[in-house]
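Report on the following structure.
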Amino acid sequence: MAEFPKTAECIVIGGGIIGASIAYELTKVNFGKVVILEKNTVSSGSTGRCGGGIRAQWSTPENVRLAMESVKRFRELEGELGTDTEYEEGGYLILAHSDEELSQFRKNVEMQKKHGLQVELLSPEEAKKVVPLLNTEKITGATWCSTDGSINPFLINFAYMKKALEQGASLYERTEVLSIDKEGSKITGVVTPKGVISCPVIVNAAGGYAGTVASKARIELPLVPHRHEILATEQINRFFKNMIMSFEHNIYFRQVKDGGIVGGQTNPGEPPGTSVVSGISFIKEMSVKLGHFIPALGDVKILRQWAGLYCMSPDAQPILGRVEGTQGYFHACGFSGHGLMLAPRVSVLMAKAISDTSFHDPDLDRLGLDRFEKGIASFEKSVV
Ligand SMILES: Cc1cc2nc3c(=O)[nH]c(=O)nc-3n(C[C@H](O)[C@H](O)[C@H](O)COP(=O)(O)OP(=O)(O)OC[C@H]3O[C@@H](n4cnc5c(N)ncnc54)[C@H](O)[C@@H]3O)c2cc1C
């Protein structure tokens, strides 16, 4: 076992998809000695608990652009990382349940098309052609984007991490960052139970704990962790490849490659907190919803259920980049339920910002922490 490092050029806090992808992109540009510190194990946080969905159908231009660029990267990544990640462009069908919702969808589609996304507004009959077993009785329409899709979150998280390590990064699991050292406004290192590492640059990629980690550098982030539950059923013959989503019913589900249905919902009354227990009421509600949307799923058996954290920001968009007044501190957090799908683009932008202090990008700049002070935050509406 290598000796615990005393110095590094950059410490990445968190071994989920965000930390692993940023570490990979930093080693790709030969940033120097990159050390990843993970308090549990790789992919044990939200990433290994997520639904694996990838979509560019968002209501804010920033999310559309980040997701579209991420899709381009997802297409390259299997080859680049040398691992099968089960990446598949099966599409997303997003259901509208009222005329009001349909009119919001129409606006979303117009804006998304301006960015070059191939997305369509469908009638209930057209939606049924995409998923013939779908109950379309109570829907007023849907949107459809065939380049949306899915990936296995563990495979992509581990693939990024493996390649980052091959390119020279080091990973220390079961190593919690207990405190962050500063001299004046400059980051100087971190303290862990295994020792102190001196380092001029840290990246907060701590997922649901990003607010706690930031507070160790005396930075206040407006983030709130929320528990989200999800389940997987037994395997059945595969009859649809796309994600089905309804904001009105707070639900998303897809049929993964092995035939199981994986899906979850938001509990609107969920209090903030870091609990990841999962209960019986979730299964009851999900069973009713799945049976409603696809009656043929009525007899399918649920195999397992679990929960993870969404790290919610005030406008349901990520908080990225540097922080004015704290030299050497960077963060990529507050993904509000869509961090897996944005990771490929966000990690490229973050690596550029970390390695070149003069780097600017319109999306990175707009999604900085200061947007809340400046009053330029725009709320992302398309969240389950
Ligand atoms: C049920 C559910 C379904 C979801 N579905 C989707 C989806 O379909 N598509 C999508 O894009 N997103 C989805 N998400 C959101 C997605 O999982 C997250 O946005 C994404 O995984 C965030 O990645 P991360 O690396 O920031 O966080 P994490 O994966 O949580 O990684 C952060 C890591 O930091 C570590 N850490 C925390 N504090 C410290 C510390 N002090 N020291 C060292 N390490 C620390 C944690 O142990 C953790 O491993 C879903 C989330 C949930 C819960």
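Numbering starts fresh at 1 for the residues of each chain in the structure tokens, the chains themselves are lettered A, B, ... in the order given, and ligands are numbered from 1 as they appear.
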
At a cut-off of 6 Å and counting only C-alpha atoms and all ligand atoms, what residues surround ligand 1? Please answer as a PyMOL selection string.
chain A and resi 13-19+37-40+42-47+49-54+175-178+205-209+213+228-230+307-310+333+335+337-341

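Once stretch 109-124 of chain A and its same-chain neighbours fewer than 4 positions away are set aside, A:Val64, A:Phe105, A:Lys128, A:Thr136, A:Ile139, A:Thr140, A:Gly141, A:Ala142, A:Thr143, A:Trp144, A:Cys145 remain within 7 Å of it when counting only C-alpha atoms.
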
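One distance worth recording is that between atom CA of A:Ile22 and atom CA of A:Val348, which is 7.1 Å.
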
Report as a VMD selection string all protein, DNA and RNA residues lying within 12 Å of A:Thr233, evaluated on only C-alpha atoms, omitting residues in the same chain fewer than 4 positions from it.
chain A and resid 253 to 256 258 to 264 283 286 to 287 290 297 to 305

For the residues selected in the previous step, produce a file with N, CA and C atoms as a short mmCIF file (atom, residue, chain, number, x, y, z; two decimals), in the first residue's frame.
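So the final result, stored in out_24.cif, reads:
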```cif
data_model
loop_
_atom_site.label_atom_id
_atom_site.label_comp_id
_atom_site.auth_asym_id
_atom_site.auth_seq_id
_atom_site.Cartn_x
_atom_site.Cartn_y
_atom_site.Cartn_z
N PHE A 253 -39.77 5.87 -15.26
CA PHE A 253 -39.40 4.45 -15.26
C PHE A 253 -38.96 4.03 -16.65
N ARG A 254 -38.10 3.03 -16.68
CA ARG A 254 -37.62 2.48 -17.95
C ARG A 254 -37.44 0.98 -17.78
N GLN A 255 -37.27 0.30 -18.90
CA GLN A 255 -36.98 -1.13 -18.84
C GLN A 255 -35.52 -1.30 -19.21
N VAL A 256 -34.72 -1.78 -18.26
CA VAL A 256 -33.28 -1.87 -18.51
C VAL A 256 -33.00 -3.07 -19.43
N ASP A 258 -31.64 -5.90 -19.19
CA ASP A 258 -31.94 -7.30 -18.79
C ASP A 258 -33.43 -7.55 -18.62
N GLY A 259 -34.27 -6.53 -18.85
CA GLY A 259 -35.72 -6.73 -18.81
C GLY A 259 -36.40 -6.20 -17.56
N GLY A 260 -35.65 -5.89 -16.51
CA GLY A 260 -36.26 -5.35 -15.28
C GLY A 260 -36.74 -3.92 -15.50
N ILE A 261 -37.80 -3.55 -14.76
CA ILE A 261 -38.26 -2.15 -14.79
C ILE A 261 -37.57 -1.44 -13.62
N VAL A 262 -36.96 -0.30 -13.91
CA VAL A 262 -36.33 0.51 -12.86
C VAL A 262 -37.04 1.86 -12.87
N GLY A 263 -37.54 2.28 -11.70
CA GLY A 263 -38.26 3.55 -11.69
C GLY A 263 -38.37 4.12 -10.30
N GLY A 264 -38.63 5.42 -10.26
CA GLY A 264 -38.75 6.08 -8.96
C GLY A 264 -39.72 7.23 -9.03
N ILE A 283 -43.44 1.62 -2.24
CA ILE A 283 -43.76 0.48 -3.13
C ILE A 283 -45.25 0.49 -3.48
N MET A 286 -45.86 3.35 -6.02
CA MET A 286 -45.25 3.05 -7.32
C MET A 286 -46.02 1.94 -8.03
N SER A 287 -46.47 0.94 -7.27
CA SER A 287 -47.20 -0.17 -7.90
C SER A 287 -48.45 0.35 -8.58
N LEU A 290 -47.33 2.47 -11.72
CA LEU A 290 -46.83 1.64 -12.84
C LEU A 290 -47.99 0.90 -13.50
N LEU A 297 -48.12 -4.23 -16.51
CA LEU A 297 -47.11 -4.41 -15.46
C LEU A 297 -47.74 -4.78 -14.11
N GLY A 298 -49.08 -4.86 -14.10
CA GLY A 298 -49.81 -5.10 -12.85
C GLY A 298 -49.32 -6.29 -12.04
N ASP A 299 -48.90 -7.37 -12.70
CA ASP A 299 -48.50 -8.59 -11.96
C ASP A 299 -47.00 -8.76 -11.81
N VAL A 300 -46.25 -7.78 -12.28
CA VAL A 300 -44.78 -7.92 -12.23
C VAL A 300 -44.30 -7.75 -10.78
N LYS A 301 -43.34 -8.60 -10.40
CA LYS A 301 -42.89 -8.58 -8.99
C LYS A 301 -41.73 -7.60 -8.78
N ILE A 302 -41.83 -6.89 -7.66
CA ILE A 302 -40.73 -5.97 -7.31
C ILE A 302 -39.65 -6.78 -6.61
N LEU A 303 -38.42 -6.61 -7.06
CA LEU A 303 -37.31 -7.38 -6.47
C LEU A 303 -36.60 -6.62 -5.36
N ARG A 304 -36.36 -5.33 -5.58
CA ARG A 304 -35.67 -4.58 -4.53
C ARG A 304 -35.98 -3.10 -4.63
N GLN A 305 -35.74 -2.42 -3.53
CA GLN A 305 -35.97 -0.98 -3.49
C GLN A 305 -34.82 -0.35 -2.70
#
```

List every residue of stretch 151-367 of chain A that DSSP, applied to the backbone, labels as helix (DSSP H, G or I), and write the result as an mmCIF file with C-alpha atoms, in the first residue's frame.
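This is the output file result.cif:
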```cif
data_model
loop_
_atom_site.group_PDB
_atom_site.id
_atom_site.type_symbol
_atom_site.label_atom_id
_atom_site.label_comp_id
_atom_site.auth_asym_id
_atom_site.auth_seq_id
_atom_site.Cartn_x
_atom_site.Cartn_y
_atom_site.Cartn_z
ATOM 1 C CA PRO A 153 -24.314 4.401 -13.470
ATOM 2 C CA PHE A 154 -21.856 2.001 -11.784
ATOM 3 C CA LEU A 155 -20.141 1.106 -15.043
ATOM 4 C CA ILE A 156 -19.581 4.712 -16.131
ATOM 5 C CA ASN A 157 -18.496 5.818 -12.619
ATOM 6 C CA PHE A 158 -15.959 2.958 -12.330
ATOM 7 C CA ALA A 159 -14.796 3.432 -15.939
ATOM 8 C CA TYR A 160 -13.967 7.100 -15.334
ATOM 9 C CA MET A 161 -12.244 6.256 -12.053
ATOM 10 C CA LYS A 162 -10.196 3.382 -13.494
ATOM 11 C CA LYS A 163 -8.939 5.521 -16.342
ATOM 12 C CA ALA A 164 -8.153 8.458 -14.022
ATOM 13 C CA LEU A 165 -6.037 6.092 -11.888
ATOM 14 C CA GLU A 166 -4.305 4.655 -14.968
ATOM 15 C CA GLY A 207 -22.928 15.121 -3.787
ATOM 16 C CA GLY A 208 -25.567 15.289 -1.029
ATOM 17 C CA TYR A 209 -22.837 16.375 1.423
ATOM 18 C CA ALA A 210 -21.468 19.227 -0.712
ATOM 19 C CA GLY A 211 -23.007 21.851 1.578
ATOM 20 C CA THR A 212 -21.270 20.330 4.610
ATOM 21 C CA VAL A 213 -17.948 20.108 2.769
ATOM 22 C CA ALA A 214 -18.222 23.742 1.575
ATOM 23 C CA SER A 215 -18.885 24.903 5.135
ATOM 24 C CA LYS A 216 -15.472 23.432 6.106
ATOM 25 C CA ILE A 280 -43.435 0.284 2.137
ATOM 26 C CA SER A 281 -45.553 3.329 1.178
ATOM 27 C CA PHE A 282 -43.207 3.985 -1.740
ATOM 28 C CA ILE A 283 -43.759 0.484 -3.126
ATOM 29 C CA LYS A 284 -47.519 0.810 -2.741
ATOM 30 C CA GLU A 285 -47.630 4.158 -4.579
ATOM 31 C CA MET A 286 -45.253 3.050 -7.316
ATOM 32 C CA SER A 287 -47.200 -0.173 -7.903
ATOM 33 C CA VAL A 288 -50.391 1.808 -8.456
ATOM 34 C CA LYS A 289 -48.668 4.287 -10.794
ATOM 35 C CA LEU A 290 -46.828 1.643 -12.839
ATOM 36 C CA GLY A 291 -50.061 -0.362 -13.192
ATOM 37 C CA HIS A 292 -51.878 2.797 -14.282
ATOM 38 C CA PHE A 293 -49.394 3.803 -16.965
ATOM 39 C CA PRO A 295 -51.600 -2.047 -17.058
ATOM 40 C CA ALA A 296 -49.586 -5.061 -18.303
ATOM 41 C CA LEU A 297 -47.111 -4.409 -15.461
ATOM 42 C CA GLY A 339 -25.858 14.901 -12.163
ATOM 43 C CA LEU A 340 -25.159 11.623 -13.892
ATOM 44 C CA MET A 341 -26.328 12.871 -17.266
ATOM 45 C CA LEU A 342 -24.514 16.221 -17.043
ATOM 46 C CA ALA A 343 -21.208 14.824 -15.766
ATOM 47 C CA PRO A 344 -19.436 14.360 -19.128
ATOM 48 C CA ARG A 345 -19.798 18.025 -20.112
ATOM 49 C CA VAL A 346 -19.475 19.487 -16.608
ATOM 50 C CA SER A 347 -16.220 17.581 -16.001
ATOM 51 C CA VAL A 348 -14.652 18.913 -19.211
ATOM 52 C CA LEU A 349 -15.606 22.497 -18.274
ATOM 53 C CA MET A 350 -14.454 22.066 -14.680
ATOM 54 C CA ALA A 351 -11.061 20.652 -15.720
ATOM 55 C CA LYS A 352 -10.570 23.651 -18.023
ATOM 56 C CA ALA A 353 -11.544 26.112 -15.274
ATOM 57 C CA ILE A 354 -9.248 24.421 -12.739
ATOM 58 C CA SER A 355 -6.231 24.246 -15.043
ATOM 59 C CA PRO A 362 -21.162 30.958 -20.742
ATOM 60 C CA ASP A 363 -22.824 27.961 -19.036
ATOM 61 C CA LEU A 364 -20.168 27.638 -16.351
ATOM 62 C CA ASP A 365 -20.368 31.371 -15.661
ATOM 63 C CA ARG A 366 -24.178 31.418 -15.548
#
```
